[in-house]
Each structure stands twice: as C-alpha cells, then as structure tokens.
Amino acid sequence: MDRARYDRLAILFHWVMAALIFYAAASILIADDLPRGAFRDLIKTSHNSVGAVVVVLLALRILWRLVSRAPAMPSAMTAQQQRLAKLAHLGLYALMAMVPLLGLATLFLRGRGLEFGFFSIASPLAANRALSRSIKEVHELAAYALLSLVAFHVAAALWHQFIKRDGLMRRISFSRSSPAGQTP
C-alpha cells in the first residue's frame, strides 16, 4: 500500500458517501418546493432511504478505518493545520452519523417506516408527533452544520490543491498519476 494515499476501499467509501450526502441534501431541498403528489413522495422516500444507507456505509467505513491505516498528512502541514484537519474530520464523522439517525428517529416517531422499493422496515418506535417535530428541527440544524463543515472541507481541499499545491487531494483520488511537476 502506498502510504501517501488511502486504499481503494476507503476512497470508494469517501466518494460514494459524498455523492449520497449531496443527493440527500439536494433532494429534500427540491422536494420541499414540489407540489404534493407521487413525485414529491418518491423524492422524500428516496431521501429517507439514502439516509439509512449513509448510516450503514458510515458504520462500515469506521470499521474499515479501524483496520486500515490512514496515510500521513503532508509534511508541509503545520501541527496546527493537522490538528484542525483531524478535528474537522471528527466533526464530519459525528455529523454524518447524527443527521441520518435523527432523520430516522423523526420518520419512525411519525409512525412511518423505511421504504426501499423491494422491501420496507416498519417503525420500531411508538408514534409521537410532538417529539418527532422537535427532533426534525434538530435534524435540520445538524444537516446545515454538516453541509457547512462539508463546504469547509471542500474549500480546504481546493486550497491545498490550487494554492498550496501539496498533493493532498491525491490521497483520496482513484488516479495514480502525480500532479504536474511532482514525483509520486
């Protein structure tokens, strides 16, 4: 394994989860503007299902992370930058767990189950609309916090790629090629 890069499974987890989180955020924002009906219901159902998949993938990702060593940070990063990066990643992991779990709690407390098309999971909780509304508000605030941290993460990655030019993004890329002017 190239110690300067994550392994292929870790990279796959990263990008698949990024796409699913983007879909979950975009789909619910779009669904809120759609007229009531079957298409809106489909979008909301897919939002819920994607959230459940994110929870499962996150658990697998954490398990994989426990057995697979992360590559070292670039030597050009200061100790403070490395601490900030670790703190941001910890926040991302915490919010990637909290947001969908709160969303599932909201769904279940409404007395609804999860629909996956070919199978469903019934609500394991007794319906409690008042508690559901409160948890939904926390879910939405946590989702905005997650999106803000994702924006920070993307901005930091772009800063490393285009300003620092330290090859940091190569750690999470499927490509084995080196940036122009750098040796692998």
# chains A, B, ... in the order shown; residues from 1 in each chain; ligands from 1
>>> residues_around(residues="range 158-174 of chain A", least_positions_apart="3", cutoff="6 Å", atoms="only C-alpha atoms", output="JSON, numbers by chain")
{"A": [5, 6, 11, 155]}
>>> write_last_selection(atoms="N, CA and C atoms", output="PDB file, in the first residue's frame")
ATOM      1  N   ARG A   5      -1.334   7.525   0.280  1.00  0.00           N
ATOM      2  CA  ARG A   5      -2.721   7.504  -0.222  1.00  0.00           C
ATOM      3  C   ARG A   5      -3.589   6.591   0.632  1.00  0.00           C
ATOM      4  N   TYR A   6      -4.882   6.865   0.619  1.00  0.00           N
ATOM      5  CA  TYR A   6      -5.841   5.931   1.204  1.00  0.00           C
ATOM      6  C   TYR A   6      -5.966   4.737   0.266  1.00  0.00           C
ATOM      7  N   ILE A  11     -11.238   5.108  -0.325  1.00  0.00           N
ATOM      8  CA  ILE A  11     -11.554   6.127  -1.337  1.00  0.00           C
ATOM      9  C   ILE A  11     -12.980   5.928  -1.854  1.00  0.00           C
ATOM     10  N   ALA A 155     -13.432  23.507   0.629  1.00  0.00           N
ATOM     11  CA  ALA A 155     -12.601  24.711   0.484  1.00  0.00           C
ATOM     12  C   ALA A 155     -11.154  24.415   0.883  1.00  0.00           C
TER      13      ALA A 155
END
>>> residues_around(residues="Leu131 in chain A", least_positions_apart="5", cutoff="12 Å", atoms="only C-alpha atoms", output="list of chain:residue names")
A:Leu102, A:Ala105, A:Thr106, A:Leu107, A:Phe108, A:Leu109, A:Arg110, A:Gly111, A:Leu125, A:Ala126, A:Lys136, A:Glu137, A:Val138
>>> select_by_dssp(residues="chain A", states="strand (DSSP E)", output="PyMOL selection string")
chain A and resi 114-115+120-121
>>> closest_atom_pairs(of="range 82-163 of chain A", to="range 37-47 of chain A", cutoff="9 Å", atoms="only C-alpha atoms", output="tab-separated table")
residue	atom	partner	partner_atom	distance
A:Leu114	CA	A:Thr45	CA	7.7
A:Glu115	CA	A:Thr45	CA	6.6
A:Phe116	CA	A:Ser46	CA	7.8
>>> closest_residue(among="A:Phe118, A:Ala145, A:Asn48, A:Leu66", to="Met98 in chain A", atoms="only C-alpha atoms")
A:Ala145
>>> closest_residue(among="A:Arg176, A:Ser120, A:His139, A:Ala97", to="Leu58 in chain A", atoms="only C-alpha atoms")
A:Ala97
>>> residues_around(residues="range 19-25 of chain A", least_positions_apart="3", cutoff="8 Å", atoms="only C-alpha atoms", output="list in words")
Trp15, Val16, Ile28, Leu29, His47, Asn48, Val50, Gly51, Val54 and Ala143 of chain A
>>> write_last_selection(atoms="all heavy atoms", output="PDB file, in the first residue's frame")
ATOM      1  N   TRP A  15     -16.079   8.790  -1.619  1.00  0.00           N
ATOM      2  CA  TRP A  15     -16.782   9.398  -2.747  1.00  0.00           C
ATOM      3  C   TRP A  15     -18.243   8.945  -2.862  1.00  0.00           C
ATOM      4  O   TRP A  15     -19.107   9.740  -3.234  1.00  0.00           O
ATOM      5  CB  TRP A  15     -16.016   9.159  -4.050  1.00  0.00           C
ATOM      6  CG  TRP A  15     -14.737   9.945  -4.045  1.00  0.00           C
ATOM      7  CD1 TRP A  15     -13.465   9.474  -3.967  1.00  0.00           C
ATOM      8  CD2 TRP A  15     -14.614  11.382  -4.066  1.00  0.00           C
ATOM      9  NE1 TRP A  15     -12.557  10.507  -3.944  1.00  0.00           N
ATOM     10  CE2 TRP A  15     -13.235  11.694  -4.005  1.00  0.00           C
ATOM     11  CE3 TRP A  15     -15.524  12.428  -4.123  1.00  0.00           C
ATOM     12  CZ2 TRP A  15     -12.760  13.003  -4.006  1.00  0.00           C
ATOM     13  CZ3 TRP A  15     -15.043  13.737  -4.134  1.00  0.00           C
ATOM     14  CH2 TRP A  15     -13.682  14.003  -4.074  1.00  0.00           C
ATOM     15  N   VAL A  16     -18.526   7.690  -2.528  1.00  0.00           N
ATOM     16  CA  VAL A  16     -19.927   7.239  -2.552  1.00  0.00           C
ATOM     17  C   VAL A  16     -20.719   7.978  -1.484  1.00  0.00           C
ATOM     18  O   VAL A  16     -21.835   8.459  -1.740  1.00  0.00           O
ATOM     19  CB  VAL A  16     -20.022   5.701  -2.377  1.00  0.00           C
ATOM     20  CG1 VAL A  16     -21.453   5.262  -2.100  1.00  0.00           C
ATOM     21  CG2 VAL A  16     -19.482   4.997  -3.615  1.00  0.00           C
ATOM     22  N   ILE A  28     -34.030  16.809  -0.669  1.00  0.00           N
ATOM     23  CA  ILE A  28     -35.023  17.334   0.274  1.00  0.00           C
ATOM     24  C   ILE A  28     -35.273  18.811   0.018  1.00  0.00           C
ATOM     25  O   ILE A  28     -36.397  19.294   0.180  1.00  0.00           O
ATOM     26  CB  ILE A  28     -34.630  17.039   1.739  1.00  0.00           C
ATOM     27  CG1 ILE A  28     -35.874  17.058   2.630  1.00  0.00           C
ATOM     28  CG2 ILE A  28     -33.582  17.991   2.250  1.00  0.00           C
ATOM     29  CD1 ILE A  28     -36.904  15.989   2.312  1.00  0.00           C
ATOM     30  N   LEU A  29     -34.259  19.538  -0.416  1.00  0.00           N
ATOM     31  CA  LEU A  29     -34.470  20.951  -0.751  1.00  0.00           C
ATOM     32  C   LEU A  29     -35.378  21.079  -1.967  1.00  0.00           C
ATOM     33  O   LEU A  29     -36.243  21.960  -2.021  1.00  0.00           O
ATOM     34  CB  LEU A  29     -33.132  21.656  -0.984  1.00  0.00           C
ATOM     35  CG  LEU A  29     -32.266  21.834   0.260  1.00  0.00           C
ATOM     36  CD1 LEU A  29     -30.888  22.361  -0.126  1.00  0.00           C
ATOM     37  CD2 LEU A  29     -32.930  22.732   1.287  1.00  0.00           C
ATOM     38  N   HIS A  47     -34.956  10.186  -0.146  1.00  0.00           N
ATOM     39  CA  HIS A  47     -34.144  10.934   0.814  1.00  0.00           C
ATOM     40  C   HIS A  47     -33.983  10.111   2.101  1.00  0.00           C
ATOM     41  O   HIS A  47     -32.874   9.961   2.622  1.00  0.00           O
ATOM     42  CB  HIS A  47     -34.808  12.285   1.109  1.00  0.00           C
ATOM     43  CG  HIS A  47     -34.225  13.018   2.278  1.00  0.00           C
ATOM     44  ND1 HIS A  47     -33.119  13.820   2.163  1.00  0.00           N
ATOM     45  CD2 HIS A  47     -34.608  13.067   3.574  1.00  0.00           C
ATOM     46  CE1 HIS A  47     -32.839  14.341   3.347  1.00  0.00           C
ATOM     47  NE2 HIS A  47     -33.721  13.901   4.233  1.00  0.00           N
ATOM     48  N   ASN A  48     -35.091   9.563   2.586  1.00  0.00           N
ATOM     49  CA  ASN A  48     -35.064   8.759   3.812  1.00  0.00           C
ATOM     50  C   ASN A  48     -34.226   7.494   3.623  1.00  0.00           C
ATOM     51  O   ASN A  48     -33.429   7.128   4.491  1.00  0.00           O
ATOM     52  CB  ASN A  48     -36.489   8.373   4.233  1.00  0.00           C
ATOM     53  CG  ASN A  48     -37.348   9.572   4.543  1.00  0.00           C
ATOM     54  OD1 ASN A  48     -36.840  10.646   4.873  1.00  0.00           O
ATOM     55  ND2 ASN A  48     -38.646   9.408   4.434  1.00  0.00           N
ATOM     56  N   VAL A  50     -31.825   6.932   1.423  1.00  0.00           N
ATOM     57  CA  VAL A  50     -30.409   7.293   1.278  1.00  0.00           C
ATOM     58  C   VAL A  50     -29.804   7.581   2.648  1.00  0.00           C
ATOM     59  O   VAL A  50     -28.667   7.175   2.936  1.00  0.00           O
ATOM     60  CB  VAL A  50     -30.243   8.490   0.310  1.00  0.00           C
ATOM     61  CG1 VAL A  50     -28.883   9.135   0.442  1.00  0.00           C
ATOM     62  CG2 VAL A  50     -30.463   8.027  -1.118  1.00  0.00           C
ATOM     63  N   GLY A  51     -30.551   8.234   3.519  1.00  0.00           N
ATOM     64  CA  GLY A  51     -30.060   8.482   4.880  1.00  0.00           C
ATOM     65  C   GLY A  51     -29.740   7.191   5.607  1.00  0.00           C
ATOM     66  O   GLY A  51     -28.711   7.081   6.288  1.00  0.00           O
ATOM     67  N   VAL A  54     -26.561   5.774   4.254  1.00  0.00           N
ATOM     68  CA  VAL A  54     -25.409   6.517   4.765  1.00  0.00           C
ATOM     69  C   VAL A  54     -25.010   5.986   6.146  1.00  0.00           C
ATOM     70  O   VAL A  54     -23.819   5.818   6.437  1.00  0.00           O
ATOM     71  CB  VAL A  54     -25.688   8.041   4.809  1.00  0.00           C
ATOM     72  CG1 VAL A  54     -24.654   8.778   5.656  1.00  0.00           C
ATOM     73  CG2 VAL A  54     -25.714   8.609   3.396  1.00  0.00           C
ATOM     74  N   ALA A 143     -28.099  19.013   9.882  1.00  0.00           N
ATOM     75  CA  ALA A 143     -27.843  18.885   8.440  1.00  0.00           C
ATOM     76  C   ALA A 143     -27.163  20.144   7.908  1.00  0.00           C
ATOM     77  O   ALA A 143     -26.204  20.050   7.117  1.00  0.00           O
ATOM     78  CB  ALA A 143     -29.143  18.625   7.686  1.00  0.00           C
TER      79      ALA A 143
END
>>> select_by_dssp(residues="range 118-178 of chain A", states="helix (DSSP H, G or I)", output="NGL selection string")
:A and (129-164 or 168-172)
>>> write_last_selection(atoms="C-alpha atoms", output="PDB file, in the first residue's frame")
ATOM      1  CA  ARG A 129     -45.772  13.618  16.617  1.00  0.00           C
ATOM      2  CA  ALA A 130     -44.700  16.290  19.121  1.00  0.00           C
ATOM      3  CA  LEU A 131     -41.337  14.635  19.769  1.00  0.00           C
ATOM      4  CA  SER A 132     -40.992  13.993  16.027  1.00  0.00           C
ATOM      5  CA  ARG A 133     -41.320  17.711  15.276  1.00  0.00           C
ATOM      6  CA  SER A 134     -38.668  18.612  17.875  1.00  0.00           C
ATOM      7  CA  ILE A 135     -36.233  16.005  16.580  1.00  0.00           C
ATOM      8  CA  LYS A 136     -36.881  17.136  12.994  1.00  0.00           C
ATOM      9  CA  GLU A 137     -35.729  20.649  13.920  1.00  0.00           C
ATOM     10  CA  VAL A 138     -32.514  19.275  15.428  1.00  0.00           C
ATOM     11  CA  HIS A 139     -32.080  17.051  12.327  1.00  0.00           C
ATOM     12  CA  GLU A 140     -32.350  20.099  10.058  1.00  0.00           C
ATOM     13  CA  LEU A 141     -29.913  22.175  12.154  1.00  0.00           C
ATOM     14  CA  ALA A 142     -27.445  19.277  12.211  1.00  0.00           C
ATOM     15  CA  ALA A 143     -27.843  18.885   8.440  1.00  0.00           C
ATOM     16  CA  TYR A 144     -26.968  22.552   7.907  1.00  0.00           C
ATOM     17  CA  ALA A 145     -23.977  22.127  10.243  1.00  0.00           C
ATOM     18  CA  LEU A 146     -22.889  19.088   8.206  1.00  0.00           C
ATOM     19  CA  LEU A 147     -23.231  20.989   4.935  1.00  0.00           C
ATOM     20  CA  SER A 148     -21.241  23.898   6.397  1.00  0.00           C
ATOM     21  CA  LEU A 149     -18.474  21.559   7.508  1.00  0.00           C
ATOM     22  CA  VAL A 150     -18.519  19.849   4.104  1.00  0.00           C
ATOM     23  CA  ALA A 151     -18.131  23.287   2.476  1.00  0.00           C
ATOM     24  CA  PHE A 152     -15.159  23.979   4.759  1.00  0.00           C
ATOM     25  CA  HIS A 153     -13.712  20.539   3.883  1.00  0.00           C
ATOM     26  CA  VAL A 154     -14.067  21.203   0.144  1.00  0.00           C
ATOM     27  CA  ALA A 155     -12.601  24.711   0.484  1.00  0.00           C
ATOM     28  CA  ALA A 156      -9.618  23.318   2.401  1.00  0.00           C
ATOM     29  CA  ALA A 157      -9.094  20.606  -0.224  1.00  0.00           C
ATOM     30  CA  LEU A 158      -9.200  23.189  -3.017  1.00  0.00           C
ATOM     31  CA  TRP A 159      -6.804  25.436  -1.093  1.00  0.00           C
ATOM     32  CA  HIS A 160      -4.365  22.528  -0.803  1.00  0.00           C
ATOM     33  CA  GLN A 161      -4.796  21.648  -4.475  1.00  0.00           C
ATOM     34  CA  PHE A 162      -4.573  25.073  -6.098  1.00  0.00           C
ATOM     35  CA  ILE A 163      -2.812  27.349  -3.589  1.00  0.00           C
ATOM     36  CA  LYS A 164      -0.502  25.081  -1.584  1.00  0.00           C
ATOM     37  CA  LEU A 168      -3.104  16.437  -0.553  1.00  0.00           C
ATOM     38  CA  MET A 169      -6.067  15.589  -2.796  1.00  0.00           C
ATOM     39  CA  ARG A 170      -4.046  12.791  -4.379  1.00  0.00           C
ATOM     40  CA  ARG A 171      -4.516  10.908  -1.071  1.00  0.00           C
ATOM     41  CA  ILE A 172      -8.250  10.461  -1.762  1.00  0.00           C
TER      42      ILE A 172
END
>>> decode(residues="range 62-77 of chain A", atoms="all heavy atoms", output="PDB file, in the first residue's frame")
ATOM      1  N   ILE A  62     -16.199   3.234   9.247  1.00  0.00           N
ATOM      2  CA  ILE A  62     -15.492   3.328  10.527  1.00  0.00           C
ATOM      3  C   ILE A  62     -14.795   2.012  10.843  1.00  0.00           C
ATOM      4  O   ILE A  62     -13.637   2.007  11.284  1.00  0.00           O
ATOM      5  CB  ILE A  62     -16.462   3.755  11.647  1.00  0.00           C
ATOM      6  CG1 ILE A  62     -16.872   5.224  11.440  1.00  0.00           C
ATOM      7  CG2 ILE A  62     -15.831   3.562  13.022  1.00  0.00           C
ATOM      8  CD1 ILE A  62     -17.998   5.702  12.333  1.00  0.00           C
ATOM      9  N   LEU A  63     -15.483   0.901  10.607  1.00  0.00           N
ATOM     10  CA  LEU A  63     -14.848  -0.401  10.829  1.00  0.00           C
ATOM     11  C   LEU A  63     -13.601  -0.557   9.953  1.00  0.00           C
ATOM     12  O   LEU A  63     -12.557  -1.010  10.419  1.00  0.00           O
ATOM     13  CB  LEU A  63     -15.836  -1.538  10.545  1.00  0.00           C
ATOM     14  CG  LEU A  63     -16.924  -1.749  11.595  1.00  0.00           C
ATOM     15  CD1 LEU A  63     -17.936  -2.780  11.104  1.00  0.00           C
ATOM     16  CD2 LEU A  63     -16.308  -2.180  12.913  1.00  0.00           C
ATOM     17  N   TRP A  64     -13.735  -0.160   8.685  1.00  0.00           N
ATOM     18  CA  TRP A  64     -12.582  -0.256   7.776  1.00  0.00           C
ATOM     19  C   TRP A  64     -11.455   0.656   8.245  1.00  0.00           C
ATOM     20  O   TRP A  64     -10.286   0.289   8.204  1.00  0.00           O
ATOM     21  CB  TRP A  64     -12.996   0.068   6.342  1.00  0.00           C
ATOM     22  CG  TRP A  64     -11.852  -0.114   5.390  1.00  0.00           C
ATOM     23  CD1 TRP A  64     -11.186   0.852   4.698  1.00  0.00           C
ATOM     24  CD2 TRP A  64     -11.206  -1.350   5.065  1.00  0.00           C
ATOM     25  NE1 TRP A  64     -10.174   0.305   3.953  1.00  0.00           N
ATOM     26  CE2 TRP A  64     -10.165  -1.061   4.167  1.00  0.00           C
ATOM     27  CE3 TRP A  64     -11.407  -2.669   5.446  1.00  0.00           C
ATOM     28  CZ2 TRP A  64      -9.333  -2.027   3.642  1.00  0.00           C
ATOM     29  CZ3 TRP A  64     -10.574  -3.636   4.915  1.00  0.00           C
ATOM     30  CH2 TRP A  64      -9.554  -3.312   4.024  1.00  0.00           C
ATOM     31  N   ARG A  65     -11.810   1.830   8.725  1.00  0.00           N
ATOM     32  CA  ARG A  65     -10.808   2.794   9.193  1.00  0.00           C
ATOM     33  C   ARG A  65     -10.048   2.250  10.400  1.00  0.00           C
ATOM     34  O   ARG A  65      -8.873   2.542  10.596  1.00  0.00           O
ATOM     35  CB  ARG A  65     -11.508   4.114   9.529  1.00  0.00           C
ATOM     36  CG  ARG A  65     -10.611   5.224  10.000  1.00  0.00           C
ATOM     37  CD  ARG A  65      -9.744   5.723   8.852  1.00  0.00           C
ATOM     38  NE  ARG A  65      -9.023   6.888   9.249  1.00  0.00           N
ATOM     39  CZ  ARG A  65      -7.934   6.866  10.018  1.00  0.00           C
ATOM     40  NH1 ARG A  65      -7.472   5.737  10.468  1.00  0.00           N
ATOM     41  NH2 ARG A  65      -7.317   7.980  10.334  1.00  0.00           N
ATOM     42  N   LEU A  66     -10.721   1.429  11.214  1.00  0.00           N
ATOM     43  CA  LEU A  66     -10.073   0.845  12.386  1.00  0.00           C
ATOM     44  C   LEU A  66      -9.023  -0.204  12.002  1.00  0.00           C
ATOM     45  O   LEU A  66      -8.073  -0.428  12.758  1.00  0.00           O
ATOM     46  CB  LEU A  66     -11.112   0.225  13.320  1.00  0.00           C
ATOM     47  CG  LEU A  66     -12.045   1.219  14.007  1.00  0.00           C
ATOM     48  CD1 LEU A  66     -13.136   0.484  14.779  1.00  0.00           C
ATOM     49  CD2 LEU A  66     -11.268   2.162  14.927  1.00  0.00           C
ATOM     50  N   VAL A  67      -9.191  -0.839  10.845  1.00  0.00           N
ATOM     51  CA  VAL A  67      -8.239  -1.871  10.428  1.00  0.00           C
ATOM     52  C   VAL A  67      -7.299  -1.400   9.320  1.00  0.00           C
ATOM     53  O   VAL A  67      -6.335  -2.084   9.006  1.00  0.00           O
ATOM     54  CB  VAL A  67      -8.956  -3.172   9.981  1.00  0.00           C
ATOM     55  CG1 VAL A  67      -9.759  -3.758  11.121  1.00  0.00           C
ATOM     56  CG2 VAL A  67      -9.807  -2.960   8.759  1.00  0.00           C
ATOM     57  N   SER A  68      -7.569  -0.257   8.741  1.00  0.00           N
ATOM     58  CA  SER A  68      -6.768   0.265   7.630  1.00  0.00           C
ATOM     59  C   SER A  68      -6.159   1.600   8.046  1.00  0.00           C
ATOM     60  O   SER A  68      -6.874   2.529   8.391  1.00  0.00           O
ATOM     61  CB  SER A  68      -7.662   0.444   6.404  1.00  0.00           C
ATOM     62  OG  SER A  68      -6.978   1.090   5.381  1.00  0.00           O
ATOM     63  N   ARG A  69      -4.869   1.677   7.999  1.00  0.00           N
ATOM     64  CA  ARG A  69      -4.167   2.883   8.427  1.00  0.00           C
ATOM     65  C   ARG A  69      -4.341   4.027   7.430  1.00  0.00           C
ATOM     66  O   ARG A  69      -4.254   3.820   6.220  1.00  0.00           O
ATOM     67  CB  ARG A  69      -2.692   2.563   8.564  1.00  0.00           C
ATOM     68  CG  ARG A  69      -2.027   3.335   9.674  1.00  0.00           C
ATOM     69  CD  ARG A  69      -0.657   2.805   9.905  1.00  0.00           C
ATOM     70  NE  ARG A  69       0.255   3.755   9.274  1.00  0.00           N
ATOM     71  CZ  ARG A  69       1.532   3.555   9.127  1.00  0.00           C
ATOM     72  NH1 ARG A  69       2.070   2.442   9.506  1.00  0.00           N
ATOM     73  NH2 ARG A  69       2.292   4.466   8.566  1.00  0.00           N
ATOM     74  N   ALA A  70      -4.573   5.215   7.962  1.00  0.00           N
ATOM     75  CA  ALA A  70      -4.669   6.409   7.112  1.00  0.00           C
ATOM     76  C   ALA A  70      -3.271   6.844   6.706  1.00  0.00           C
ATOM     77  O   ALA A  70      -2.317   6.658   7.463  1.00  0.00           O
ATOM     78  CB  ALA A  70      -5.362   7.536   7.863  1.00  0.00           C
ATOM     79  N   PRO A  71      -3.137   7.422   5.532  1.00  0.00           N
ATOM     80  CA  PRO A  71      -1.817   7.930   5.124  1.00  0.00           C
ATOM     81  C   PRO A  71      -1.421   9.135   5.976  1.00  0.00           C
ATOM     82  O   PRO A  71      -2.269   9.813   6.551  1.00  0.00           O
ATOM     83  CB  PRO A  71      -2.036   8.330   3.664  1.00  0.00           C
ATOM     84  CG  PRO A  71      -3.489   8.577   3.547  1.00  0.00           C
ATOM     85  CD  PRO A  71      -4.162   7.662   4.522  1.00  0.00           C
ATOM     86  N   ALA A  72      -0.144   9.364   6.043  1.00  0.00           N
ATOM     87  CA  ALA A  72       0.366  10.513   6.795  1.00  0.00           C
ATOM     88  C   ALA A  72      -0.055  11.811   6.115  1.00  0.00           C
ATOM     89  O   ALA A  72      -0.243  11.860   4.899  1.00  0.00           O
ATOM     90  CB  ALA A  72       1.885  10.438   6.881  1.00  0.00           C
ATOM     91  N   MET A  73      -0.208  12.832   6.917  1.00  0.00           N
ATOM     92  CA  MET A  73      -0.501  14.160   6.372  1.00  0.00           C
ATOM     93  C   MET A  73       0.759  14.671   5.663  1.00  0.00           C
ATOM     94  O   MET A  73       1.863  14.257   6.011  1.00  0.00           O
ATOM     95  CB  MET A  73      -0.857  15.131   7.501  1.00  0.00           C
ATOM     96  CG  MET A  73      -2.077  14.745   8.282  1.00  0.00           C
ATOM     97  SD  MET A  73      -3.510  15.501   7.547  1.00  0.00           S
ATOM     98  CE  MET A  73      -4.718  15.141   8.808  1.00  0.00           C
ATOM     99  N   PRO A  74       0.583  15.561   4.687  1.00  0.00           N
ATOM    100  CA  PRO A  74       1.768  16.127   4.021  1.00  0.00           C
ATOM    101  C   PRO A  74       2.683  16.806   5.037  1.00  0.00           C
ATOM    102  O   PRO A  74       2.223  17.460   5.971  1.00  0.00           O
ATOM    103  CB  PRO A  74       1.178  17.161   3.053  1.00  0.00           C
ATOM    104  CG  PRO A  74      -0.224  16.708   2.827  1.00  0.00           C
ATOM    105  CD  PRO A  74      -0.661  16.070   4.107  1.00  0.00           C
ATOM    106  N   SER A  75       3.969  16.627   4.866  1.00  0.00           N
ATOM    107  CA  SER A  75       4.947  17.179   5.810  1.00  0.00           C
ATOM    108  C   SER A  75       4.905  18.704   5.856  1.00  0.00           C
ATOM    109  O   SER A  75       5.303  19.298   6.859  1.00  0.00           O
ATOM    110  CB  SER A  75       6.349  16.689   5.459  1.00  0.00           C
ATOM    111  OG  SER A  75       6.670  17.065   4.139  1.00  0.00           O
ATOM    112  N   ALA A  76       4.400  19.325   4.801  1.00  0.00           N
ATOM    113  CA  ALA A  76       4.334  20.787   4.766  1.00  0.00           C
ATOM    114  C   ALA A  76       3.228  21.345   5.675  1.00  0.00           C
ATOM    115  O   ALA A  76       3.210  22.540   5.959  1.00  0.00           O
ATOM    116  CB  ALA A  76       4.107  21.265   3.334  1.00  0.00           C
ATOM    117  N   MET A  77       2.309  20.478   6.132  1.00  0.00           N
ATOM    118  CA  MET A  77       1.234  20.946   7.019  1.00  0.00           C
ATOM    119  C   MET A  77       1.790  21.175   8.417  1.00  0.00           C
ATOM    120  O   MET A  77       2.499  20.334   8.958  1.00  0.00           O
ATOM    121  CB  MET A  77       0.082  19.931   7.074  1.00  0.00           C
ATOM    122  CG  MET A  77      -0.775  19.923   5.837  1.00  0.00           C
ATOM    123  SD  MET A  77      -2.128  18.708   5.939  1.00  0.00           S
ATOM    124  CE  MET A  77      -3.190  19.444   7.162  1.00  0.00           C
TER     125      MET A  77
END
